[in-house]
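Data file: data.cif. Format and content: mmCIF, C-alpha atoms.
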```cif
data_protein
#
loop_
_atom_site.group_PDB
_atom_site.id
_atom_site.type_symbol
_atom_site.label_atom_id
_atom_site.label_comp_id
_atom_site.auth_asym_id
_atom_site.auth_seq_id
_atom_site.Cartn_x
_atom_site.Cartn_y
_atom_site.Cartn_z
ATOM 1 C CA MET A 126 0.000 0.000 0.000
ATOM 2 C CA GLY A 127 1.649 3.169 -1.239
ATOM 3 C CA ILE A 128 0.044 5.539 1.258
ATOM 4 C CA PHE A 129 1.550 3.702 4.233
ATOM 5 C CA ARG A 130 4.990 3.691 2.652
ATOM 6 C CA ASN A 131 4.973 7.497 2.647
ATOM 7 C CA MET A 132 3.909 7.752 6.302
ATOM 8 C CA SER A 133 6.405 8.322 9.096
ATOM 9 C CA SER A 134 6.485 5.811 11.936
ATOM 10 C CA ARG A 135 4.869 8.486 14.170
ATOM 11 C CA GLN A 136 2.009 8.878 11.684
ATOM 12 C CA LYS A 137 1.542 5.103 11.498
ATOM 13 C CA PHE A 138 1.444 4.958 15.298
ATOM 14 C CA PHE A 139 -1.265 7.638 15.401
ATOM 15 C CA LEU A 140 -3.192 5.902 12.623
ATOM 16 C CA ILE A 141 -3.234 2.688 14.662
ATOM 17 C CA LEU A 142 -4.384 4.625 17.751
ATOM 18 C CA THR A 143 -7.084 6.324 15.652
ATOM 19 C CA ILE A 144 -8.422 2.993 14.403
ATOM 20 C CA LEU A 145 -8.321 1.483 17.898
ATOM 21 C CA TRP A 146 -10.228 4.479 19.291
ATOM 22 C CA MET A 147 -12.825 4.093 16.515
ATOM 23 C CA VAL A 148 -13.260 0.463 17.604
ATOM 24 C CA VAL A 149 -13.766 1.627 21.213
ATOM 25 C CA ILE A 150 -16.393 4.169 20.090
ATOM 26 C CA PHE A 151 -18.117 1.505 17.969
ATOM 27 C CA SER A 152 -18.166 -0.958 20.876
ATOM 28 C CA PHE A 153 -19.797 1.605 23.181
ATOM 29 C CA SER A 154 -22.351 2.425 20.489
ATOM 30 C CA ALA A 155 -23.133 -1.266 19.993
ATOM 31 C CA ARG A 156 -24.316 -1.623 23.587
ATOM 32 C CA PRO A 157 -28.092 -1.673 24.086
ATOM 33 C CA GLY A 158 -29.744 1.470 25.400
ATOM 34 C CA SER A 159 -30.445 -0.082 28.815
ATOM 35 C CA VAL A 160 -26.738 -0.840 29.359
ATOM 36 C CA SER A 161 -25.770 2.644 28.200
ATOM 37 C CA GLU A 162 -28.291 4.161 30.631
ATOM 38 C CA GLN A 163 -26.837 2.116 33.498
ATOM 39 C CA ASP A 164 -23.343 3.337 32.613
ATOM 40 C CA SER A 165 -24.324 6.993 32.561
ATOM 41 C CA GLY A 166 -26.311 6.487 35.780
ATOM 42 C CA ARG A 167 -23.163 5.149 37.483
ATOM 43 C CA VAL A 168 -21.235 8.147 36.199
ATOM 44 C CA GLY A 169 -23.931 10.452 37.576
ATOM 45 C CA LEU A 170 -23.648 8.810 40.991
ATOM 46 C CA LEU A 171 -19.867 9.120 40.848
ATOM 47 C CA ILE A 172 -20.179 12.817 40.007
ATOM 48 C CA GLY A 173 -22.415 13.229 43.036
ATOM 49 C CA GLU A 174 -19.956 11.396 45.290
ATOM 50 C CA ILE A 175 -17.045 13.523 44.104
ATOM 51 C CA PHE A 176 -18.595 16.973 43.776
ATOM 52 C CA VAL A 177 -21.628 17.138 46.082
ATOM 53 C CA PRO A 178 -20.807 17.548 49.780
ATOM 54 C CA GLY A 179 -22.801 15.101 51.911
ATOM 55 C CA PHE A 180 -24.006 13.133 48.861
ATOM 56 C CA GLU A 181 -23.420 9.834 50.645
ATOM 57 C CA ASP A 182 -25.908 10.943 53.330
ATOM 58 C CA TRP A 183 -28.709 11.410 50.790
ATOM 59 C CA SER A 184 -31.335 8.719 50.406
ATOM 60 C CA GLU A 185 -30.946 6.277 47.545
ATOM 61 C CA ALA A 186 -33.945 7.888 45.804
ATOM 62 C CA GLU A 187 -32.355 11.351 46.084
ATOM 63 C CA GLN A 188 -29.056 10.030 44.733
ATOM 64 C CA GLN A 189 -30.855 8.385 41.800
ATOM 65 C CA ALA A 190 -32.775 11.596 41.103
ATOM 66 C CA PHE A 191 -29.480 13.508 41.027
ATOM 67 C CA ALA A 192 -27.953 10.930 38.659
ATOM 68 C CA GLU A 193 -30.969 11.280 36.356
ATOM 69 C CA THR A 194 -30.662 15.074 36.477
ATOM 70 C CA VAL A 195 -27.056 15.005 35.288
ATOM 71 C CA ASP A 196 -27.624 12.161 32.795
ATOM 72 C CA HIS A 197 -28.116 14.372 29.720
ATOM 73 C CA PRO A 198 -25.039 16.564 30.339
ATOM 74 C CA VAL A 199 -22.983 13.438 31.124
ATOM 75 C CA ARG A 200 -23.962 11.798 27.827
ATOM 76 C CA LYS A 201 -23.331 14.922 25.758
ATOM 77 C CA THR A 202 -19.988 15.562 27.451
ATOM 78 C CA ALA A 203 -19.023 11.963 26.695
ATOM 79 C CA HIS A 204 -19.944 12.473 23.029
ATOM 80 C CA ALA A 205 -17.875 15.625 22.675
ATOM 81 C CA SER A 206 -14.926 14.209 24.621
ATOM 82 C CA GLU A 207 -14.665 10.914 22.766
ATOM 83 C CA TYR A 208 -14.692 12.746 19.441
ATOM 84 C CA ALA A 209 -12.233 15.388 20.663
ATOM 85 C CA LEU A 210 -9.834 12.531 21.344
ATOM 86 C CA LEU A 211 -10.621 11.033 17.933
ATOM 87 C CA GLY A 212 -9.852 14.415 16.338
ATOM 88 C CA ILE A 213 -6.529 14.630 18.165
ATOM 89 C CA LEU A 214 -5.529 11.105 17.164
ATOM 90 C CA ALA A 215 -6.596 11.563 13.537
ATOM 91 C CA ALA A 216 -4.699 14.857 13.378
ATOM 92 C CA GLY A 217 -1.629 13.117 14.753
ATOM 93 C CA ALA A 218 -1.880 10.653 11.861
ATOM 94 C CA CYS A 219 -2.106 13.494 9.321
ATOM 95 C CA ILE A 220 0.606 15.820 10.608
ATOM 96 C CA GLU A 221 3.756 15.937 8.568
ATOM 97 C CA ASN A 222 6.627 17.910 10.046
ATOM 98 C CA GLY A 223 8.049 20.842 8.155
ATOM 99 C CA ARG A 224 5.094 21.497 5.858
ATOM 100 C CA GLU A 225 3.928 24.875 4.621
ATOM 101 C CA LEU A 226 0.744 26.561 5.883
ATOM 102 C CA ARG A 227 -1.419 25.168 3.071
ATOM 103 C CA ARG A 228 -0.588 21.648 4.270
ATOM 104 C CA ARG A 229 -1.274 22.612 7.888
ATOM 105 C CA ARG A 230 -4.815 23.580 6.892
ATOM 106 C CA THR A 231 -5.236 20.090 5.451
ATOM 107 C CA GLU A 232 -3.904 18.710 8.736
ATOM 108 C CA ILE A 233 -6.923 20.312 10.407
ATOM 109 C CA PHE A 234 -9.616 19.711 7.773
ATOM 110 C CA ILE A 235 -8.934 16.036 6.961
ATOM 111 C CA PRO A 236 -8.958 14.799 10.600
ATOM 112 C CA TRP A 237 -12.078 16.854 11.358
ATOM 113 C CA LEU A 238 -13.845 15.508 8.258
ATOM 114 C CA THR A 239 -12.777 11.947 9.077
ATOM 115 C CA ALA A 240 -14.164 12.196 12.607
ATOM 116 C CA THR A 241 -17.372 13.853 11.404
ATOM 117 C CA VAL A 242 -18.023 11.171 8.791
ATOM 118 C CA TYR A 243 -17.284 8.508 11.396
ATOM 119 C CA ALA A 244 -19.756 10.197 13.784
ATOM 120 C CA ALA A 245 -22.447 10.083 11.105
ATOM 121 C CA THR A 246 -21.829 6.387 10.408
ATOM 122 C CA ASP A 247 -21.803 5.666 14.143
ATOM 123 C CA GLU A 248 -25.162 7.362 14.632
ATOM 124 C CA PHE A 249 -26.530 5.389 11.662
ATOM 125 C CA HIS A 250 -25.193 2.208 13.272
ATOM 126 C CA GLN A 251 -27.086 3.060 16.484
ATOM 127 C CA LEU A 252 -30.386 2.955 14.590
ATOM 128 C CA PHE A 253 -30.022 -0.842 14.603
ATOM 129 C CA ILE A 254 -29.213 -1.204 18.318
ATOM 130 C CA PRO A 255 -32.114 -1.930 20.720
ATOM 131 C CA GLY A 256 -32.977 1.109 22.818
ATOM 132 C CA ARG A 257 -30.634 3.404 20.871
ATOM 133 C CA SER A 258 -31.320 6.036 18.246
ATOM 134 C CA GLY A 259 -29.299 7.965 15.709
ATOM 135 C CA GLN A 260 -29.399 11.707 16.266
ATOM 136 C CA VAL A 261 -28.283 14.433 13.877
ATOM 137 C CA SER A 262 -27.695 16.612 16.946
ATOM 138 C CA ASP A 263 -25.188 14.035 18.212
ATOM 139 C CA VAL A 264 -23.339 14.125 14.881
ATOM 140 C CA LEU A 265 -23.118 17.916 15.209
ATOM 141 C CA LEU A 266 -21.903 17.617 18.806
ATOM 142 C CA ASP A 267 -19.373 14.936 17.836
ATOM 143 C CA SER A 268 -18.194 17.092 14.943
ATOM 144 C CA ALA A 269 -17.737 20.073 17.262
ATOM 145 C CA GLY A 270 -15.826 17.871 19.703
ATOM 146 C CA ALA A 271 -13.568 16.625 16.895
ATOM 147 C CA LEU A 272 -12.924 20.182 15.739
ATOM 148 C CA ALA A 273 -12.078 21.201 19.304
ATOM 149 C CA GLY A 274 -9.623 18.314 19.572
ATOM 150 C CA VAL A 275 -7.960 19.125 16.266
ATOM 151 C CA LEU A 276 -7.704 22.806 17.181
ATOM 152 C CA ILE A 277 -6.302 21.988 20.622
ATOM 153 C CA LEU A 278 -3.572 19.916 18.992
ATOM 154 C CA ALA A 279 -2.918 22.665 16.431
ATOM 155 C CA GLY A 280 -2.672 25.205 19.261
ATOM 156 C CA VAL A 281 -0.243 23.068 21.215
ATOM 157 C CA ARG A 282 1.883 22.565 18.098
ATOM 158 C CA PHE A 283 1.851 26.322 17.430
ATOM 159 C CA ILE A 284 2.971 27.128 20.983
ATOM 160 C CA LEU A 285 5.708 24.488 20.896
ATOM 161 C CA ARG A 286 6.962 25.729 17.522
ATOM 162 C CA LYS A 287 6.903 29.345 18.711
ATOM 163 C CA ASN A 288 8.804 28.466 21.893
ATOM 164 C CA ARG A 289 11.431 26.575 19.892
ATOM 165 C CA ARG A 290 11.986 29.585 17.638
ATOM 166 C CA HIS A 291 12.312 32.013 20.532
ATOM 167 C CA LYS A 292 14.373 29.810 22.800
ATOM 168 C CA PRO A 293 17.525 31.689 23.837
ATOM 169 C CA LEU A 294 20.802 30.160 22.775
ATOM 170 C CA PRO A 295 22.942 28.856 25.619
ATOM 171 C CA GLU A 296 25.669 31.267 26.607
ATOM 172 C CA SER A 297 29.153 30.145 25.738
ATOM 173 C CA GLU A 298 31.923 30.458 28.287
#
```

Using the file provided, produce a representation of the structure as structure tokens.
Amino acid sequence: MGIFRNMSSRQKFFLILTILWMVVIFSFSARPGSVSEQDSGRVGLLIGEIFVPGFEDWSEAEQQAFAETVDHPVRKTAHASEYALLGILAAGACIENGRELRRRRTEIFIPWLTATVYAATDEFHQLFIPGRSGQVSDVLLDSAGALAGVLILAGVRFILRKNRRHKPLPESE
């Protein structure tokens, strides 16, 4: 395969991580709705235990009500976060060192597009899972998460490059 021959070992590493993360996302999406609800309910209870003083003294019904209250934000945060990581990994697979600005734009667009298309196929896949549904709003949220991840990586690279250029030379004796 010619495309892999032209990739650096770092890019190949990130490509493998990207594919593995896509498998993780797919496996979570393949779980029935009831299992997914239990997972987010456990996360809601954990959030209560960590961030709400005296949460352990609440009744079980009050704790469950809290978990249900934070369920929607928990799920949406999970969507955005898992796709932010996918965006970062995909960008890592696309980045070539020493390229001009035009190529850097491609290093942002291609990973974002890849993650967005994957989000759309993942939501389509969920249409066939009991208790799950495919939501256009989730594709938009996933796409925004992927863009955030790609831009975070681009920002980190920019700062690192800028610091390397402005690093003072060691004084000679």

Could you tell me which of A:Gly217, A:Ser161, A:Phe180, A:Lys201 comes closest to A:Ser133 if we count only C-alpha atoms?
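Between A:Gly217, A:Ser161, A:Phe180, A:Lys201, the residue approaching A:Ser133 most closely is A:Gly217.
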
Output of the PyMOL selection byres ((chain A and resi 210) around 10), listed as a list in words
Thr143, Trp146, Ala205, Ser206, Glu207, Tyr208, Ala209, Leu211, Gly212, Ile213, Leu214, Ala215, Ala216, Ala240, Gly270, Ala271, Leu272, Ala273, Gly274, Val275 and Leu278 of chain A

Pick out the closest residue to A:Gln189 from this set: A:Glu174, A:Glu248, A:Glu232, A:Glu221. Count only C-alpha atoms.
A:Glu174

Selected by the PyMOL selection byres ((chain A and resi 162) around 12) in the shown coordinates: which residues, as a PyMOL selection string?
chain A and resi 153-154+156-161+163-169+192-193+195-197+199-200+256-257

Output of the PyMOL selection byres ((chain A and resi 140) around 9), listed as a ChimeraX atom specification
/A:135-139,141-145,214-215,217-219

Pick from A:Arg290, A:Ile233, A:Ala190, A:Thr202, whichever lies nearest to A:Leu276 using only C-alpha atoms:
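Between A:Arg290, A:Ile233, A:Ala190, A:Thr202, the residue approaching A:Leu276 most closely is A:Ile233.
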
Quick check, in Å to one decimal: how far apart do atom CA of A:Leu265 and atom CA of A:His204 lie?
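Between these atoms lies a distance of 10.0 Å.
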
Which one of A:Met132, A:Phe151, A:Ala269, A:Arg289 sits closest to A:Ile254 if you count only C-alpha atoms?
A:Phe151

Using atom CA of A:Glu185 and atom CA of A:Pro255 as the two end points, give the distance in Å to one decimal.
28.1 Å

Report, in Å to a single decimal, how far apart atom CA of A:Leu285 and atom CA of A:Leu266 are.
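A separation of 28.5 Å between them.
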
Of the residues A:Glu181, A:Asp263, A:Leu171, A:Pro198, which is the one nearest to A:Gln251, using all atoms listed in the file?
A:Asp263

Let me make sure I understand: among A:Leu252, A:Leu170, A:Leu238, A:Val261, which one has the smallest atom-to-atom distance to A:Thr194 if we use only C-alpha atoms?
A:Leu170

As a PDB file, keeping the file's coordinate frame, please: stretch 210-221 of chain A completed to N, CA and C atoms.
```
ATOM      1  N   LEU A 210     -10.987  13.428  21.363  1.00  0.00           N
ATOM      2  CA  LEU A 210      -9.834  12.531  21.344  1.00  0.00           C
ATOM      3  C   LEU A 210      -9.641  11.926  19.952  1.00  0.00           C
ATOM      4  N   LEU A 211     -10.734  11.558  19.298  1.00  0.00           N
ATOM      5  CA  LEU A 211     -10.621  11.033  17.933  1.00  0.00           C
ATOM      6  C   LEU A 211     -10.012  12.086  17.009  1.00  0.00           C
ATOM      7  N   GLY A 212     -10.423  13.334  17.147  1.00  0.00           N
ATOM      8  CA  GLY A 212      -9.852  14.415  16.338  1.00  0.00           C
ATOM      9  C   GLY A 212      -8.362  14.579  16.574  1.00  0.00           C
ATOM     10  N   ILE A 213      -7.953  14.509  17.835  1.00  0.00           N
ATOM     11  CA  ILE A 213      -6.529  14.630  18.165  1.00  0.00           C
ATOM     12  C   ILE A 213      -5.740  13.482  17.541  1.00  0.00           C
ATOM     13  N   LEU A 214      -6.242  12.266  17.703  1.00  0.00           N
ATOM     14  CA  LEU A 214      -5.529  11.105  17.164  1.00  0.00           C
ATOM     15  C   LEU A 214      -5.457  11.147  15.634  1.00  0.00           C
ATOM     16  N   ALA A 215      -6.584  11.485  15.005  1.00  0.00           N
ATOM     17  CA  ALA A 215      -6.596  11.563  13.537  1.00  0.00           C
ATOM     18  C   ALA A 215      -5.657  12.663  13.043  1.00  0.00           C
ATOM     19  N   ALA A 216      -5.619  13.784  13.761  1.00  0.00           N
ATOM     20  CA  ALA A 216      -4.699  14.857  13.378  1.00  0.00           C
ATOM     21  C   ALA A 216      -3.261  14.401  13.522  1.00  0.00           C
ATOM     22  N   GLY A 217      -2.977  13.649  14.576  1.00  0.00           N
ATOM     23  CA  GLY A 217      -1.629  13.117  14.753  1.00  0.00           C
ATOM     24  C   GLY A 217      -1.210  12.223  13.591  1.00  0.00           C
ATOM     25  N   ALA A 218      -2.180  11.516  13.008  1.00  0.00           N
ATOM     26  CA  ALA A 218      -1.880  10.653  11.861  1.00  0.00           C
ATOM     27  C   ALA A 218      -1.672  11.461  10.584  1.00  0.00           C
ATOM     28  N   CYS A 219      -2.198  12.676  10.538  1.00  0.00           N
ATOM     29  CA  CYS A 219      -2.106  13.494   9.321  1.00  0.00           C
ATOM     30  C   CYS A 219      -0.949  14.483   9.326  1.00  0.00           C
ATOM     31  N   ILE A 220      -0.420  14.771  10.499  1.00  0.00           N
ATOM     32  CA  ILE A 220       0.606  15.820  10.608  1.00  0.00           C
ATOM     33  C   ILE A 220       1.927  15.344  10.006  1.00  0.00           C
ATOM     34  N   GLU A 221       2.424  16.161   9.119  1.00  0.00           N
ATOM     35  CA  GLU A 221       3.756  15.937   8.568  1.00  0.00           C
ATOM     36  C   GLU A 221       4.619  17.107   9.001  1.00  0.00           C
TER      37      GLU A 221
END
```
